[in-house]
$ cat query18.cif   # mmCIF, C-alpha atoms
data_data
#
loop_
_atom_site.label_atom_id
_atom_site.label_comp_id
_atom_site.auth_asym_id
_atom_site.auth_seq_id
_atom_site.Cartn_x
_atom_site.Cartn_y
_atom_site.Cartn_z
CA ASP N 220 -1.88 -24.08 100.68
CA ILE N 221 -4.74 -23.23 98.32
CA GLN N 222 -3.72 -20.57 95.81
CA MET N 223 -6.38 -18.12 94.63
CA THR N 224 -5.88 -16.49 91.25
CA GLN N 225 -7.99 -13.55 90.14
CA SER N 226 -8.36 -12.09 86.68
CA PRO N 227 -8.07 -9.50 85.49
CA SER N 228 -5.81 -7.73 87.98
CA SER N 229 -7.39 -4.46 86.90
CA LEU N 230 -10.09 -3.26 84.57
CA SER N 231 -11.52 0.05 83.40
CA ALA N 232 -15.23 0.49 82.99
CA SER N 233 -17.78 3.26 82.65
CA VAL N 234 -20.64 4.16 84.94
CA GLY N 235 -23.56 1.94 83.99
CA ASP N 236 -21.43 -0.92 82.67
CA SER N 237 -21.56 -4.46 83.99
CA VAL N 238 -18.30 -6.25 84.81
CA THR N 239 -17.32 -9.79 85.75
CA ILE N 240 -14.28 -10.78 87.78
CA THR N 241 -13.07 -14.37 87.87
CA CYS N 242 -11.34 -16.27 90.63
CA ARG N 243 -9.75 -19.70 90.36
CA ALA N 244 -8.72 -21.92 93.24
CA SER N 245 -5.74 -24.26 92.91
CA GLN N 246 -7.88 -27.12 94.23
CA GLY N 247 -11.56 -27.70 94.76
CA ILE N 248 -13.11 -25.65 97.54
CA SER N 249 -16.80 -26.43 96.93
CA ASN N 250 -18.54 -23.14 97.75
CA TYR N 251 -16.25 -22.04 100.59
CA LEU N 252 -15.60 -18.72 98.90
CA ALA N 253 -16.11 -15.09 99.84
CA TRP N 254 -15.85 -11.80 97.97
CA ILE N 255 -14.56 -8.70 99.72
CA GLN N 256 -14.55 -5.08 98.57
CA GLN N 257 -11.98 -2.51 99.62
CA LYS N 258 -11.87 1.18 98.78
CA PRO N 259 -8.62 3.17 99.09
CA GLY N 260 -7.79 3.99 102.68
CA GLU N 261 -10.81 2.12 103.99
CA ALA N 262 -11.43 -1.13 105.80
CA PRO N 263 -12.44 -4.16 103.75
CA LYS N 264 -16.15 -4.87 103.43
CA SER N 265 -17.58 -8.35 103.08
CA LEU N 266 -19.94 -8.68 100.12
CA ILE N 267 -20.60 -12.37 99.48
CA TYR N 268 -20.18 -15.69 101.31
CA THR N 269 -20.75 -19.31 100.28
CA ALA N 270 -19.87 -18.13 96.75
CA SER N 271 -23.27 -16.60 96.05
CA SER N 272 -25.00 -15.37 99.23
CA LEU N 273 -25.10 -11.62 99.79
CA HIS N 274 -24.29 -10.18 103.19
CA SER N 275 -27.00 -8.10 104.78
CA GLY N 276 -27.25 -4.67 103.21
CA VAL N 277 -25.29 -5.54 100.07
CA PRO N 278 -27.26 -4.50 96.98
CA SER N 279 -28.46 -7.13 94.53
CA LYS N 280 -26.34 -5.56 91.77
CA PHE N 281 -23.59 -7.78 93.16
CA SER N 282 -23.86 -11.44 92.30
CA GLY N 283 -21.53 -14.36 92.80
CA GLY N 284 -21.40 -17.76 91.21
CA GLY N 285 -19.38 -20.89 90.77
CA SER N 286 -18.32 -23.94 92.70
CA GLY N 287 -15.30 -26.20 92.91
CA THR N 288 -12.41 -24.24 91.43
CA ASP N 289 -13.97 -21.49 89.29
CA PHE N 290 -15.91 -18.52 90.59
CA THR N 291 -17.23 -15.19 89.36
CA LEU N 292 -18.28 -11.86 90.81
CA THR N 293 -20.52 -9.77 88.60
CA ILE N 294 -21.33 -6.14 89.27
CA SER N 295 -24.16 -4.74 87.23
CA SER N 296 -24.80 -1.09 86.45
CA LEU N 297 -21.55 0.24 87.92
CA GLN N 298 -21.90 3.37 90.02
CA PRO N 299 -19.11 5.66 91.27
CA GLU N 300 -19.20 4.02 94.72
CA ASP N 301 -18.45 0.60 93.16
CA PHE N 302 -15.01 1.59 91.96
CA ALA N 303 -12.76 -0.30 94.35
CA THR N 304 -10.55 -3.36 94.65
CA TYR N 305 -12.26 -6.73 94.95
CA TYR N 306 -10.74 -9.82 96.54
CA CYS N 307 -11.85 -13.41 96.52
CA GLN N 308 -10.99 -15.49 99.58
CA GLN N 309 -11.24 -19.21 100.31
CA TYR N 310 -12.12 -20.50 103.73
CA LYS N 311 -12.17 -24.22 102.94
CA SER N 312 -8.89 -24.86 104.74
CA TYR N 313 -6.05 -23.21 106.63
CA PRO N 314 -4.26 -21.04 105.86
CA LEU N 315 -7.09 -18.84 104.67
CA THR N 316 -5.98 -17.29 101.41
CA PHE N 317 -6.95 -14.34 99.24
CA GLY N 318 -6.72 -13.66 95.56
CA GLY N 319 -4.40 -10.88 94.48
CA GLY N 320 -7.27 -8.46 93.95
CA THR N 321 -8.99 -6.84 90.97
CA LYS N 322 -8.93 -3.08 90.82
CA VAL N 323 -12.05 -1.68 89.11
CA GLU N 324 -11.32 1.79 87.79
CA ILE N 325 -13.36 4.44 86.06
CA LYS N 326 -12.82 4.69 82.32
CA GLU D 90 -24.18 -0.97 115.82
CA VAL D 91 -21.23 -3.31 115.43
CA GLN D 92 -17.82 -1.79 116.03
CA LEU D 93 -14.32 -3.20 115.92
CA VAL D 94 -11.68 -0.70 116.98
CA GLU D 95 -8.02 -1.59 116.69
CA SER D 96 -5.25 0.14 118.57
CA GLY D 97 -1.61 -0.30 119.50
CA GLY D 98 0.10 0.18 116.16
CA GLY D 99 3.28 2.19 115.78
CA LEU D 100 6.94 2.15 114.88
CA VAL D 101 9.09 -0.67 116.23
CA GLN D 102 12.61 -1.81 115.48
CA PRO D 103 13.34 -5.18 113.87
CA GLY D 104 13.44 -7.85 116.55
CA GLY D 105 11.12 -5.85 118.77
CA SER D 106 7.65 -6.57 120.11
CA LEU D 107 4.27 -4.90 119.86
CA SER D 108 0.79 -5.72 121.09
CA LEU D 109 -2.34 -4.83 119.16
CA SER D 110 -5.84 -4.64 120.59
CA CYS D 111 -9.27 -4.88 119.01
CA ALA D 112 -12.24 -3.73 121.07
CA ALA D 113 -15.53 -5.28 119.96
CA SER D 114 -19.07 -4.09 120.54
CA GLY D 115 -22.52 -4.60 119.10
CA PHE D 116 -22.42 -8.39 118.85
CA ILE D 117 -21.90 -11.36 121.15
CA PHE D 118 -18.10 -11.48 121.15
CA SER D 119 -17.81 -14.95 122.66
CA ASP D 120 -19.99 -16.47 119.93
CA TYR D 121 -17.80 -15.28 117.07
CA TYR D 122 -14.49 -16.45 115.71
CA MET D 123 -12.10 -13.50 115.41
CA ASP D 124 -9.33 -13.06 112.86
CA TRP D 125 -6.39 -10.81 112.21
CA VAL D 126 -5.76 -9.86 108.56
CA ARG D 127 -2.96 -7.59 107.40
CA GLN D 128 -2.15 -5.53 104.35
CA ALA D 129 1.38 -4.44 103.51
CA PRO D 130 1.67 -1.02 101.87
CA GLY D 131 0.30 -1.18 98.34
CA LYS D 132 -0.31 -4.94 98.59
CA GLY D 133 -3.25 -7.29 98.98
CA LEU D 134 -4.83 -8.89 102.01
CA GLU D 135 -3.04 -11.58 104.01
CA TRP D 136 -4.58 -13.68 106.75
CA VAL D 137 -2.54 -13.68 109.97
CA GLY D 138 -4.42 -15.87 112.40
CA ARG D 139 -7.65 -16.82 114.13
CA SER D 140 -9.20 -17.24 117.55
CA ARG D 141 -12.15 -19.61 117.51
CA ASN D 142 -15.18 -18.89 119.69
CA LYS D 143 -15.85 -19.84 123.30
CA ALA D 144 -17.67 -23.01 122.28
CA ASN D 145 -14.39 -24.08 120.67
CA SER D 146 -12.31 -23.03 123.67
CA TYR D 147 -10.84 -20.01 121.90
CA THR D 148 -8.32 -22.23 120.15
CA THR D 149 -6.08 -20.59 117.58
CA GLU D 150 -4.65 -21.00 114.08
CA TYR D 151 -1.78 -19.06 112.49
CA ALA D 152 -0.27 -18.38 109.12
CA ALA D 153 3.10 -20.03 108.65
CA SER D 154 4.78 -16.64 108.29
CA VAL D 155 3.91 -15.65 111.87
CA LYS D 156 3.62 -18.97 113.70
CA GLY D 157 5.86 -19.05 116.74
CA ARG D 158 6.26 -15.26 116.75
CA PHE D 159 2.65 -14.00 117.03
CA THR D 160 0.06 -14.98 119.63
CA ILE D 161 -3.68 -14.30 119.51
CA PHE D 162 -5.72 -14.21 122.68
CA ARG D 163 -8.88 -12.66 124.09
CA ASP D 164 -10.04 -10.91 127.23
CA GLU D 165 -13.65 -12.01 127.46
CA SER D 166 -14.38 -9.54 130.26
CA LYS D 167 -13.47 -6.66 127.96
CA ASP D 168 -14.78 -8.11 124.67
CA SER D 169 -11.30 -7.58 123.30
CA LEU D 170 -9.00 -9.46 120.96
CA PHE D 171 -5.24 -9.13 121.11
CA LEU D 172 -2.30 -9.83 118.84
CA GLN D 173 1.05 -10.12 120.59
CA MET D 174 3.79 -9.75 118.00
CA ASN D 175 7.37 -10.73 118.90
CA SER D 176 10.59 -10.95 116.90
CA LEU D 177 9.18 -8.49 114.39
CA LYS D 178 10.61 -8.33 110.90
CA THR D 179 10.54 -5.56 108.32
CA GLU D 180 8.16 -7.70 106.27
CA ASP D 181 5.61 -7.50 109.10
CA THR D 182 5.06 -3.84 108.21
CA ALA D 183 1.36 -3.56 107.38
CA VAL D 184 -2.03 -2.29 108.39
CA TYR D 185 -3.53 -4.89 110.72
CA PHE D 186 -7.28 -5.41 110.62
CA CYS D 187 -9.34 -7.42 113.06
CA ALA D 188 -12.37 -9.19 111.65
CA GLY D 189 -15.41 -10.77 113.24
CA THR D 190 -16.12 -14.15 111.70
CA TYR D 191 -19.46 -15.90 111.71
CA CYS D 192 -19.61 -19.69 111.64
CA GLY D 193 -22.75 -21.50 110.64
CA GLY D 194 -23.61 -24.58 108.68
CA GLY D 195 -19.93 -25.50 108.44
CA HIS D 196 -18.98 -22.18 106.87
CA CYS D 197 -16.89 -19.56 108.69
CA TYR D 198 -16.64 -16.23 106.90
CA PHE D 199 -15.64 -12.67 107.71
CA VAL D 200 -18.60 -10.46 108.57
CA TYR D 201 -17.30 -7.43 110.46
CA TRP D 202 -14.09 -5.45 109.93
CA GLY D 203 -12.23 -2.87 111.94
CA GLN D 204 -10.54 0.20 110.47
CA GLY D 205 -7.06 -1.15 111.01
CA THR D 206 -3.91 -0.04 112.79
CA LEU D 207 -0.55 0.55 111.11
CA VAL D 208 2.53 -1.32 112.26
CA THR D 209 5.87 -0.16 110.89
CA VAL D 210 8.96 -2.27 111.53
CA SER D 211 12.04 -0.26 110.73
CA SER D 212 15.37 0.75 112.18
#

$ encode --input "query18.cif" --output "structure tokens"
Amino acid sequence: DIQMTQSPSSLSASVGDSVTITCRASQGISNYLAWIQQKPGEAPKSLIYTASSLHSGVPSKFSGGGSGTDFTLTISSLQPEDFATYYCQQYKSYPLTFGGGTKVEIK
Amino acid sequence: EVQLVESGGGLVQPGGSLSLSCAASGFIFSDYYMDWVRQAPGKGLEWVGRSRNKANSYTTEYAASVKGRFTIFRDESKDSLFLQMNSLKTEDTAVYFCAGTYCGGGHCYFVYWGQGTLVTVSS
């Protein structure tokens, strides 16, 4: 199985800040990577696929990068609605696996 | 508008069975792969299994933790996805989400998500 490791597991930031979350795969997955946002008590929401492509309706403040084993999600100009938990997920091979999540909290 | 609406969750004893449903609308159900993803209380997301699309004969894949106990199938006439769960264990306690998965250019990624249904396995 491909293990996905996210860091940090949590971070505190202020409205207007930019933050970067990293995700590392235990083996190369090319760009078969997605980023998913989840707010407390809500369904997950898909943000990014193929490591850097935004889903329809996702604002350009979200950007993804990387290939192979190392990936990033950057959120610029944090707004109150961006405080959530973010998961990376590989879909290169079965079983599909998720990172442990990064909780972005308000400082 | 795309909707995925799960139902069927509840309290079940260890060793028992439960069947979850996911009613889809707003997209061509037979064209999409469909997945079940679960989330134990206070934990992260865990993939449960997949039904490929009609073009791939609705074949399935499962996580090792549920293989042989859970079965995913569809009712094309009702645009519905099902998860039959047998021999349930306490560690199966979770919110179960169905997800609509788009496949294109060799990539298959989650696009749509339901609100989830809670399954509690406890005596």

$ resolve_selection --input "query18.cif" --expression "the PyMOL selection byres ((chain N) within 7 of (chain D))" --output "ChimeraX atom specification"
/N:251,261-265,268,310,314-317,319-320

$ atom_distance --input "query18.cif" --atom1 "atom CA of Arg158 of chain D" --atom2 "atom CA of Phe116 of chain D"
29.6 Å

$ residues_around --input "query18.cif" --residues "Ile294 of chain N" --least-positions-apart "4" --cutoff "9 Å" --atoms "all atoms listed in the file" --output "list in words"
Asp236, Ser237, Val238, Thr239, Ile240, Ser279, Lys280, Phe281, Ser282, Gly283 and Asp301 of chain N

$ closest_residue --input "query18.cif" --among "D:Gln102, D:Val208, D:Ala113, D:Gly193" --to "Ser169 of chain D" --atoms "only C-alpha atoms"
D:Ala113

$ atom_distance --input "query18.cif" --atom1 "atom CA of Lys326 of chain N" --atom2 "atom CA of Thr224 of chain N"
24.0 Å

$ residues_near_point --input "query18.cif" --point "(7.7, 1.8, 111.6)" --cutoff "8 Å" --atoms "only C-alpha atoms" --output "PyMOL selection string"
chain D and resi 99-102+182+208-212

$ write_last_selection --input "query18.cif" --atoms "C-alpha atoms" --output "short mmCIF file (atom, residue, chain, number, x, y, z; two decimals), in the coordinates of the input"
data_model
loop_
_atom_site.label_atom_id
_atom_site.label_comp_id
_atom_site.auth_asym_id
_atom_site.auth_seq_id
_atom_site.Cartn_x
_atom_site.Cartn_y
_atom_site.Cartn_z
CA GLY D 99 3.28 2.19 115.78
CA LEU D 100 6.94 2.15 114.88
CA VAL D 101 9.09 -0.67 116.23
CA GLN D 102 12.61 -1.81 115.48
CA THR D 182 5.06 -3.84 108.21
CA VAL D 208 2.53 -1.32 112.26
CA THR D 209 5.87 -0.16 110.89
CA VAL D 210 8.96 -2.27 111.53
CA SER D 211 12.04 -0.26 110.73
CA SER D 212 15.37 0.75 112.18
#

$ residues_around --input "query18.cif" --residues "Glu165 of chain D" --least-positions-apart "4" --cutoff "12 Å" --atoms "all atoms listed in the file" --output "VMD selection string"
chain D and resid 111 to 114 117 to 121 142 to 143 146 to 147 169 to 171

$ build_atoms --input "query18.cif" --residues "segment 280-302 of chain N" --atoms "N, CA, C and O atoms" --output "PDB file, in the frame of the given file"
ATOM      1  N   LYS N 280     -27.155  -5.761  92.962  1.00  0.00           N
ATOM      2  CA  LYS N 280     -26.340  -5.560  91.770  1.00  0.00           C
ATOM      3  C   LYS N 280     -25.078  -6.430  91.813  1.00  0.00           C
ATOM      4  O   LYS N 280     -24.442  -6.661  90.801  1.00  0.00           O
ATOM      5  N   PHE N 281     -24.715  -6.868  93.011  1.00  0.00           N
ATOM      6  CA  PHE N 281     -23.590  -7.780  93.160  1.00  0.00           C
ATOM      7  C   PHE N 281     -24.110  -9.219  93.127  1.00  0.00           C
ATOM      8  O   PHE N 281     -25.085  -9.537  93.810  1.00  0.00           O
ATOM      9  N   SER N 282     -23.462 -10.046  92.333  1.00  0.00           N
ATOM     10  CA  SER N 282     -23.860 -11.440  92.300  1.00  0.00           C
ATOM     11  C   SER N 282     -22.622 -12.316  92.159  1.00  0.00           C
ATOM     12  O   SER N 282     -21.670 -11.962  91.447  1.00  0.00           O
ATOM     13  N   GLY N 283     -22.644 -13.442  92.854  1.00  0.00           N
ATOM     14  CA  GLY N 283     -21.530 -14.360  92.800  1.00  0.00           C
ATOM     15  C   GLY N 283     -21.985 -15.716  92.328  1.00  0.00           C
ATOM     16  O   GLY N 283     -23.146 -16.108  92.521  1.00  0.00           O
ATOM     17  N   GLY N 284     -21.064 -16.440  91.705  1.00  0.00           N
ATOM     18  CA  GLY N 284     -21.400 -17.760  91.210  1.00  0.00           C
ATOM     19  C   GLY N 284     -20.189 -18.663  91.192  1.00  0.00           C
ATOM     20  O   GLY N 284     -19.062 -18.218  91.432  1.00  0.00           O
ATOM     21  N   GLY N 285     -20.452 -19.916  90.906  1.00  0.00           N
ATOM     22  CA  GLY N 285     -19.380 -20.890  90.770  1.00  0.00           C
ATOM     23  C   GLY N 285     -19.326 -21.872  91.916  1.00  0.00           C
ATOM     24  O   GLY N 285     -19.959 -21.705  92.958  1.00  0.00           O
ATOM     25  N   SER N 286     -18.524 -22.908  91.701  1.00  0.00           N
ATOM     26  CA  SER N 286     -18.320 -23.940  92.700  1.00  0.00           C
ATOM     27  C   SER N 286     -17.120 -24.768  92.277  1.00  0.00           C
ATOM     28  O   SER N 286     -16.808 -24.822  91.082  1.00  0.00           O
ATOM     29  N   GLY N 287     -16.471 -25.375  93.249  1.00  0.00           N
ATOM     30  CA  GLY N 287     -15.300 -26.200  92.910  1.00  0.00           C
ATOM     31  C   GLY N 287     -14.040 -25.360  92.820  1.00  0.00           C
ATOM     32  O   GLY N 287     -13.446 -25.016  93.842  1.00  0.00           O
ATOM     33  N   THR N 288     -13.628 -25.028  91.604  1.00  0.00           N
ATOM     34  CA  THR N 288     -12.410 -24.240  91.430  1.00  0.00           C
ATOM     35  C   THR N 288     -12.629 -22.892  90.733  1.00  0.00           C
ATOM     36  O   THR N 288     -11.731 -22.047  90.764  1.00  0.00           O
ATOM     37  N   ASP N 289     -13.762 -22.703  90.086  1.00  0.00           N
ATOM     38  CA  ASP N 289     -13.970 -21.490  89.290  1.00  0.00           C
ATOM     39  C   ASP N 289     -15.168 -20.700  89.784  1.00  0.00           C
ATOM     40  O   ASP N 289     -16.269 -21.240  89.927  1.00  0.00           O
ATOM     41  N   PHE N 290     -14.915 -19.400  89.993  1.00  0.00           N
ATOM     42  CA  PHE N 290     -15.910 -18.520  90.590  1.00  0.00           C
ATOM     43  C   PHE N 290     -15.943 -17.186  89.864  1.00  0.00           C
ATOM     44  O   PHE N 290     -14.962 -16.786  89.226  1.00  0.00           O
ATOM     45  N   THR N 291     -17.078 -16.509  89.970  1.00  0.00           N
ATOM     46  CA  THR N 291     -17.230 -15.190  89.360  1.00  0.00           C
ATOM     47  C   THR N 291     -17.911 -14.235  90.324  1.00  0.00           C
ATOM     48  O   THR N 291     -18.716 -14.638  91.165  1.00  0.00           O
ATOM     49  N   LEU N 292     -17.555 -12.967  90.174  1.00  0.00           N
ATOM     50  CA  LEU N 292     -18.280 -11.860  90.810  1.00  0.00           C
ATOM     51  C   LEU N 292     -18.702 -10.934  89.683  1.00  0.00           C
ATOM     52  O   LEU N 292     -17.858 -10.476  88.907  1.00  0.00           O
ATOM     53  N   THR N 293     -19.998 -10.685  89.603  1.00  0.00           N
ATOM     54  CA  THR N 293     -20.520  -9.770  88.600  1.00  0.00           C
ATOM     55  C   THR N 293     -21.110  -8.550  89.292  1.00  0.00           C
ATOM     56  O   THR N 293     -21.842  -8.691  90.281  1.00  0.00           O
ATOM     57  N   ILE N 294     -20.774  -7.398  88.772  1.00  0.00           N
ATOM     58  CA  ILE N 294     -21.330  -6.140  89.270  1.00  0.00           C
ATOM     59  C   ILE N 294     -22.085  -5.505  88.128  1.00  0.00           C
ATOM     60  O   ILE N 294     -21.502  -5.229  87.074  1.00  0.00           O
ATOM     61  N   SER N 295     -23.367  -5.329  88.299  1.00  0.00           N
ATOM     62  CA  SER N 295     -24.160  -4.740  87.230  1.00  0.00           C
ATOM     63  C   SER N 295     -24.334  -3.246  87.482  1.00  0.00           C
ATOM     64  O   SER N 295     -24.267  -2.770  88.615  1.00  0.00           O
ATOM     65  N   SER N 296     -24.540  -2.514  86.386  1.00  0.00           N
ATOM     66  CA  SER N 296     -24.800  -1.090  86.450  1.00  0.00           C
ATOM     67  C   SER N 296     -23.849  -0.366  87.422  1.00  0.00           C
ATOM     68  O   SER N 296     -24.270   0.175  88.449  1.00  0.00           O
ATOM     69  N   LEU N 297     -22.573  -0.368  87.058  1.00  0.00           N
ATOM     70  CA  LEU N 297     -21.550   0.240  87.920  1.00  0.00           C
ATOM     71  C   LEU N 297     -21.891   1.686  88.258  1.00  0.00           C
ATOM     72  O   LEU N 297     -22.278   2.470  87.391  1.00  0.00           O
ATOM     73  N   GLN N 298     -21.729   2.001  89.533  1.00  0.00           N
ATOM     74  CA  GLN N 298     -21.900   3.370  90.020  1.00  0.00           C
ATOM     75  C   GLN N 298     -20.567   3.842  90.603  1.00  0.00           C
ATOM     76  O   GLN N 298     -19.686   3.025  90.903  1.00  0.00           O
ATOM     77  N   PRO N 299     -20.400   5.148  90.767  1.00  0.00           N
ATOM     78  CA  PRO N 299     -19.110   5.660  91.270  1.00  0.00           C
ATOM     79  C   PRO N 299     -18.652   4.993  92.569  1.00  0.00           C
ATOM     80  O   PRO N 299     -17.451   4.772  92.754  1.00  0.00           O
ATOM     81  N   GLU N 300     -19.582   4.630  93.439  1.00  0.00           N
ATOM     82  CA  GLU N 300     -19.200   4.020  94.720  1.00  0.00           C
ATOM     83  C   GLU N 300     -18.718   2.574  94.579  1.00  0.00           C
ATOM     84  O   GLU N 300     -18.222   1.986  95.538  1.00  0.00           O
ATOM     85  N   ASP N 301     -18.868   1.988  93.385  1.00  0.00           N
ATOM     86  CA  ASP N 301     -18.450   0.600  93.160  1.00  0.00           C
ATOM     87  C   ASP N 301     -17.005   0.508  92.712  1.00  0.00           C
ATOM     88  O   ASP N 301     -16.454  -0.599  92.651  1.00  0.00           O
ATOM     89  N   PHE N 302     -16.382   1.631  92.408  1.00  0.00           N
ATOM     90  CA  PHE N 302     -15.010   1.590  91.960  1.00  0.00           C
ATOM     91  C   PHE N 302     -14.122   1.353  93.182  1.00  0.00           C
ATOM     92  O   PHE N 302     -14.059   2.163  94.107  1.00  0.00           O
TER      93      PHE N 302
END
